[in-house]
>>> print(open('model-v6.pdb').read())   # PDB, C-alpha atoms
ATOM      1  CA  MET A   1    -131.543-218.073 -72.934
ATOM      2  CA  THR A   2    -129.074-215.323 -73.801
ATOM      3  CA  ARG A   3    -128.763-211.940 -72.121
ATOM      4  CA  TYR A   4    -130.378-210.372 -75.200
ATOM      5  CA  ASP A   5    -133.369-212.731 -74.890
ATOM      6  CA  THR A   6    -133.781-211.859 -71.210
ATOM      7  CA  LEU A   7    -133.532-208.110 -71.796
ATOM      8  CA  LEU A   8    -135.971-208.259 -74.695
ATOM      9  CA  PHE A   9    -138.397-210.415 -72.696
ATOM     10  CA  LEU A  10    -138.430-207.952 -69.786
ATOM     11  CA  HIS A  11    -138.741-204.990 -72.182
ATOM     12  CA  VAL A  12    -141.742-206.591 -73.918
ATOM     13  CA  ILE A  13    -143.364-207.545 -70.578
ATOM     14  CA  GLY A  14    -143.139-203.856 -69.673
ATOM     15  CA  ALA A  15    -144.767-202.929 -72.973
ATOM     16  CA  PHE A  16    -147.624-205.354 -72.285
ATOM     17  CA  MET A  17    -148.108-203.732 -68.885
ATOM     18  CA  LEU A  18    -148.303-200.309 -70.543
ATOM     19  CA  ILE A  19    -150.970-201.589 -72.924
ATOM     20  CA  ALA A  20    -152.810-203.143 -69.961
ATOM     21  CA  ALA A  21    -152.850-199.700 -68.318
ATOM     22  CA  LEU A  22    -154.315-198.263 -71.515
ATOM     23  CA  VAL A  23    -157.028-200.952 -71.473
ATOM     24  CA  VAL A  24    -157.864-200.190 -67.829
ATOM     25  CA  PHE A  25    -158.240-196.498 -68.654
ATOM     26  CA  ALA A  26    -160.371-197.431 -71.679
ATOM     27  CA  ALA A  27    -162.680-199.426 -69.409
ATOM     28  CA  ILE A  28    -163.166-196.341 -67.253
ATOM     29  CA  ALA A  29    -163.459-193.921 -70.176
ATOM     30  CA  LEU A  30    -165.867-195.974 -72.257
ATOM     31  CA  ALA A  31    -168.257-196.920 -69.469
ATOM     32  CA  PRO A  32    -170.093-193.631 -68.834
ATOM     33  CA  ARG A  33    -172.411-194.841 -66.072
ATOM     34  CA  PHE A  34    -169.556-196.579 -64.282
ATOM     35  CA  ALA A  35    -167.285-193.551 -64.560
ATOM     36  CA  ALA A  36    -170.071-191.230 -63.432
ATOM     37  CA  GLY A  37    -170.592-193.323 -60.293
ATOM     38  CA  GLU A  38    -174.119-194.487 -61.128
ATOM     39  CA  GLU A  39    -173.646-198.214 -60.485
ATOM     40  CA  HIS A  40    -171.993-200.537 -57.979
ATOM     41  CA  GLY A  41    -170.078-198.028 -55.916
ATOM     42  CA  GLY A  42    -169.036-196.050 -58.972
ATOM     43  CA  SER A  43    -166.484-193.465 -57.939
ATOM     44  CA  GLY A  44    -164.717-195.784 -55.462
ATOM     45  CA  ALA A  45    -164.419-198.460 -58.128
ATOM     46  CA  THR A  46    -163.301-195.848 -60.645
ATOM     47  CA  ALA A  47    -160.587-194.629 -58.283
ATOM     48  CA  ALA A  48    -159.460-198.224 -57.664
ATOM     49  CA  LEU A  49    -159.281-198.932 -61.398
ATOM     50  CA  ALA A  50    -157.441-195.664 -61.991
ATOM     51  CA  THR A  51    -154.921-196.672 -59.318
ATOM     52  CA  LEU A  52    -154.507-200.081 -60.978
ATOM     53  CA  GLY A  53    -153.963-198.421 -64.357
ATOM     54  CA  ARG A  54    -151.451-196.027 -62.880
ATOM     55  CA  ARG A  55    -149.502-198.830 -61.161
ATOM     56  CA  LEU A  56    -149.446-200.906 -64.354
ATOM     57  CA  GLY A  57    -148.207-197.838 -66.204
ATOM     58  CA  ASP A  58    -145.558-197.078 -63.573
ATOM     59  CA  ILE A  59    -144.136-200.600 -63.528
ATOM     60  CA  GLY A  60    -144.480-201.124 -67.275
ATOM     61  CA  GLY A  61    -142.932-197.747 -68.011
ATOM     62  CA  THR A  62    -139.979-198.464 -65.756
ATOM     63  CA  LEU A  63    -139.414-201.882 -67.331
ATOM     64  CA  THR A  64    -139.609-200.553 -70.888
ATOM     65  CA  LEU A  65    -137.302-197.636 -70.165
ATOM     66  CA  VAL A  66    -134.643-199.514 -68.197
ATOM     67  CA  PHE A  67    -134.491-202.599 -70.395
ATOM     68  CA  GLY A  68    -134.979-200.655 -73.632
ATOM     69  CA  VAL A  69    -132.000-198.408 -72.877
ATOM     70  CA  TRP A  70    -130.010-201.456 -71.760
ATOM     71  CA  LEU A  71    -130.822-203.181 -75.061
ATOM     72  CA  ALA A  72    -129.772-200.102 -77.037
ATOM     73  CA  LEU A  73    -126.460-199.952 -75.181
ATOM     74  CA  ASP A  74    -125.891-203.715 -75.325
ATOM     75  CA  LEU A  75    -126.431-204.219 -79.060
ATOM     76  CA  ASP A  76    -123.855-203.119 -81.597
ATOM     77  CA  VAL A  77    -126.464-202.575 -84.331
ATOM     78  CA  TYR A  78    -128.275-199.819 -82.392
ATOM     79  CA  GLY A  79    -126.961-196.771 -80.608
ATOM     80  CA  ILE A  80    -128.671-194.736 -77.912
ATOM     81  CA  LEU A  81    -128.446-191.700 -80.218
ATOM     82  CA  ASP A  82    -130.216-193.360 -83.162
ATOM     83  CA  GLY A  83    -133.136-191.236 -84.304
ATOM     84  CA  TRP A  84    -135.796-193.844 -83.645
ATOM     85  CA  ILE A  85    -134.470-194.431 -80.106
ATOM     86  CA  ILE A  86    -134.472-190.709 -79.326
ATOM     87  CA  ALA A  87    -138.022-190.525 -80.722
ATOM     88  CA  ALA A  88    -138.984-193.480 -78.518
ATOM     89  CA  LEU A  89    -137.576-191.775 -75.420
ATOM     90  CA  VAL A  90    -139.482-188.560 -76.183
ATOM     91  CA  LEU A  91    -142.687-190.512 -76.857
ATOM     92  CA  TRP A  92    -142.113-192.548 -73.686
ATOM     93  CA  ALA A  93    -141.887-189.330 -71.636
ATOM     94  CA  ALA A  94    -145.060-187.992 -73.287
ATOM     95  CA  ALA A  95    -146.871-191.284 -72.639
ATOM     96  CA  ALA A  96    -145.792-191.253 -68.982
ATOM     97  CA  PHE A  97    -146.989-187.667 -68.516
ATOM     98  CA  THR A  98    -150.352-188.223 -70.199
ATOM     99  CA  ALA A  99    -150.920-191.519 -68.361
ATOM    100  CA  THR A 100    -150.276-189.852 -65.008
ATOM    101  CA  ARG A 101    -152.612-186.961 -65.817
ATOM    102  CA  THR A 102    -155.271-189.410 -67.039
ATOM    103  CA  ALA A 103    -155.030-191.515 -63.872
ATOM    104  CA  VAL A 104    -155.231-188.449 -61.634
ATOM    105  CA  GLY A 105    -158.222-187.157 -63.578
ATOM    106  CA  PHE A 106    -160.107-190.440 -63.270
ATOM    107  CA  SER A 107    -159.131-190.831 -59.593
ATOM    108  CA  GLU A 108    -160.627-187.429 -58.831
ATOM    109  CA  GLY A 109    -163.891-188.452 -60.468
ATOM    110  CA  GLY A 110    -163.336-186.504 -63.668
ATOM    111  CA  ARG A 111    -163.511-187.618 -67.287
ATOM    112  CA  PRO A 112    -160.191-186.513 -68.799
ATOM    113  CA  MET A 113    -161.139-187.691 -72.278
ATOM    114  CA  ALA A 114    -158.795-185.339 -74.155
ATOM    115  CA  MET A 115    -155.834-186.501 -72.063
ATOM    116  CA  TYR A 116    -156.898-190.141 -72.489
ATOM    117  CA  GLY A 117    -157.091-189.630 -76.263
ATOM    118  CA  LEU A 118    -153.657-188.021 -76.308
ATOM    119  CA  MET A 119    -152.267-190.872 -74.181
ATOM    120  CA  THR A 120    -153.675-193.401 -76.651
ATOM    121  CA  LEU A 121    -152.241-191.547 -79.652
ATOM    122  CA  VAL A 122    -148.790-191.218 -78.082
ATOM    123  CA  THR A 123    -148.795-194.900 -77.111
ATOM    124  CA  VAL A 124    -149.716-195.989 -80.645
ATOM    125  CA  LEU A 125    -146.942-193.787 -82.064
ATOM    126  CA  LEU A 126    -144.495-195.273 -79.550
ATOM    127  CA  LEU A 127    -145.477-198.815 -80.531
ATOM    128  CA  ALA A 128    -145.129-197.965 -84.231
ATOM    129  CA  ASP A 129    -141.674-196.517 -83.575
ATOM    130  CA  MET A 130    -140.633-199.666 -81.682
ATOM    131  CA  ILE A 131    -141.994-202.038 -84.324
ATOM    132  CA  TRP A 132    -140.776-200.348 -87.519
ATOM    133  CA  LYS A 133    -137.689-198.519 -86.167
ATOM    134  CA  PRO A 134    -137.725-195.731 -88.776
ATOM    135  CA  GLY A 135    -134.244-194.800 -89.916
ATOM    136  CA  ALA A 136    -132.581-197.861 -88.368
TER     137      ALA A 136
END
>>> encode(input="model-v6.pdb", output="C-alpha cells")
Amino acid sequence: MTRYDTLLFLHVIGAFMLIAALVVFAAIALAPRFAAGEEHGGSGATAALATLGRRLGDIGGTLTLVFGVWLALDLDVYGILDGWIIAALVLWAAAAFTATRTAVGFSEGGRPMAMYGLMTLVTVLLLADMIWKPGA
C-alpha cells in the first residue's frame, strides 16, 4: 500500500464518518415522536444521539480536512489553491458550522430543521465537489 493509498483511505473513512453523522441527525429529525420525547426516554436518547452525531462529525471532519489537505499537497496534479479545493475547504467549514449548530439544537431538545436542511445541502455540495472536481 502506497502513501497515497493510505492518505486516500483515511480521507474517505473520514467522509464516511461525516455521512454517518448526517444519518444520525436524520434519525432524530425524521422521527417526530422520538425527537419530541414521547417514547422510550425521548429527550435523553435524543441528546445521546445528538452527541454521537457530533462526535462522528468531529472525528470525520478532522480526518477529511487533515488527510485531504495532505493529499492536495502530496500530489503533483493538484494544488492547494485549485478552485475545487478552495471550494471544498469553504464547504467543509460551512458543513462543520451547520453540523455543530444542528447537534446543539437537538441536544437542547429543539428541532433545528432549517439548520439540518442546510447541513444536508452543504454536505451534498461538498461530496459533489470531491467527486467531480470541477475545474481540475
>>> atom_distance(input="model-v6.pdb", atom1="CA of Ile80 in chain A", atom2="CA of Val124 in chain A")
21.3 Å
>>> residues_around(input="model-v6.pdb", residues="Asp5 in chain A", least_positions_apart="3", cutoff="12 Å", atoms="all atoms listed in the file", output="PyMOL selection string")
chain A and resi 1-2+8-12+67+71+74-75
>>> closest_residue(input="model-v6.pdb", among="A:Ala29, A:Ala45, A:Leu52, A:Val122", to="Met17 in chain A", atoms="only C-alpha atoms")
A:Leu52
>>> residues_around(input="model-v6.pdb", residues="Asp58 in chain A", least_positions_apart="5", cutoff="9 Å", atoms="all atoms listed in the file", output="JSON list (two decimals) with C-alpha atoms, in the frame of the given file")
[["chain", "number", "residue", "atom", "x", "y", "z"],
["A", 17, "MET", "CA", -148.11, -203.73, -68.89],
["A", 18, "LEU", "CA", -148.30, -200.31, -70.54],
["A", 53, "GLY", "CA", -153.96, -198.42, -64.36],
["A", 63, "LEU", "CA", -139.41, -201.88, -67.33],
["A", 96, "ALA", "CA", -145.79, -191.25, -68.98],
["A", 100, "THR", "CA", -150.28, -189.85, -65.01]]
>>> resolve_selection(input="model-v6.pdb", expression="the PyMOL selection byres ((chain A and resi 19) around 12)", output="VMD selection string")
chain A and resid 12 to 18 20 to 26 53 to 54 56 to 61 64 95 99 119 to 120 122 to 124 126 to 127
>>> build_atoms(input="model-v6.pdb", residues="range 60-81 of chain A", atoms="N, CA and C atoms", output="CSV table (one decimal), keeping the file's coordinate frame")
chain,number,residue,atom,x,y,z
A,60,GLY,N,-144.8,-200.9,-65.9
A,60,GLY,CA,-144.5,-201.1,-67.3
A,60,GLY,C,-143.6,-200.1,-67.9
A,61,GLY,N,-143.8,-198.8,-67.5
A,61,GLY,CA,-142.9,-197.7,-68.0
A,61,GLY,C,-141.5,-197.9,-67.5
A,62,THR,N,-141.3,-198.3,-66.3
A,62,THR,CA,-140.0,-198.5,-65.8
A,62,THR,C,-139.3,-199.6,-66.5
A,63,LEU,N,-140.0,-200.7,-66.6
A,63,LEU,CA,-139.4,-201.9,-67.3
A,63,LEU,C,-139.0,-201.5,-68.8
A,64,THR,N,-139.9,-200.9,-69.5
A,64,THR,CA,-139.6,-200.6,-70.9
A,64,THR,C,-138.4,-199.6,-71.0
A,65,LEU,N,-138.4,-198.6,-70.1
A,65,LEU,CA,-137.3,-197.6,-70.2
A,65,LEU,C,-136.0,-198.3,-69.8
A,66,VAL,N,-135.9,-198.9,-68.7
A,66,VAL,CA,-134.6,-199.5,-68.2
A,66,VAL,C,-134.1,-200.6,-69.2
A,67,PHE,N,-135.0,-201.5,-69.5
A,67,PHE,CA,-134.5,-202.6,-70.4
A,67,PHE,C,-134.4,-202.2,-71.9
A,68,GLY,N,-135.1,-201.2,-72.3
A,68,GLY,CA,-135.0,-200.7,-73.6
A,68,GLY,C,-133.7,-199.9,-73.8
A,69,VAL,N,-133.3,-199.1,-72.8
A,69,VAL,CA,-132.0,-198.4,-72.9
A,69,VAL,C,-130.9,-199.4,-72.8
A,70,TRP,N,-131.0,-200.4,-71.9
A,70,TRP,CA,-130.0,-201.5,-71.8
A,70,TRP,C,-129.8,-202.2,-73.1
A,71,LEU,N,-130.9,-202.5,-73.8
A,71,LEU,CA,-130.8,-203.2,-75.1
A,71,LEU,C,-130.1,-202.3,-76.1
A,72,ALA,N,-130.4,-201.0,-76.1
A,72,ALA,CA,-129.8,-200.1,-77.0
A,72,ALA,C,-128.3,-200.0,-76.8
A,73,LEU,N,-127.9,-200.0,-75.5
A,73,LEU,CA,-126.5,-200.0,-75.2
A,73,LEU,C,-125.7,-201.3,-75.4
A,74,ASP,N,-126.5,-202.4,-75.3
A,74,ASP,CA,-125.9,-203.7,-75.3
A,74,ASP,C,-125.7,-204.2,-76.8
A,75,LEU,N,-126.5,-203.7,-77.7
A,75,LEU,CA,-126.4,-204.2,-79.1
A,75,LEU,C,-125.5,-203.3,-79.9
A,76,ASP,N,-124.7,-203.9,-80.7
A,76,ASP,CA,-123.9,-203.1,-81.6
A,76,ASP,C,-124.6,-202.5,-82.8
A,77,VAL,N,-125.7,-203.1,-83.2
A,77,VAL,CA,-126.5,-202.6,-84.3
A,77,VAL,C,-127.2,-201.3,-84.0
A,78,TYR,N,-127.5,-201.0,-82.8
A,78,TYR,CA,-128.3,-199.8,-82.4
A,78,TYR,C,-127.4,-199.0,-81.4
A,79,GLY,N,-127.6,-197.7,-81.5
A,79,GLY,CA,-127.0,-196.8,-80.6
A,79,GLY,C,-128.0,-195.9,-79.9
A,80,ILE,N,-127.7,-195.5,-78.7
A,80,ILE,CA,-128.7,-194.7,-77.9
A,80,ILE,C,-129.0,-193.4,-78.6
A,81,LEU,N,-128.2,-193.0,-79.5
A,81,LEU,CA,-128.4,-191.7,-80.2
A,81,LEU,C,-129.1,-191.9,-81.6
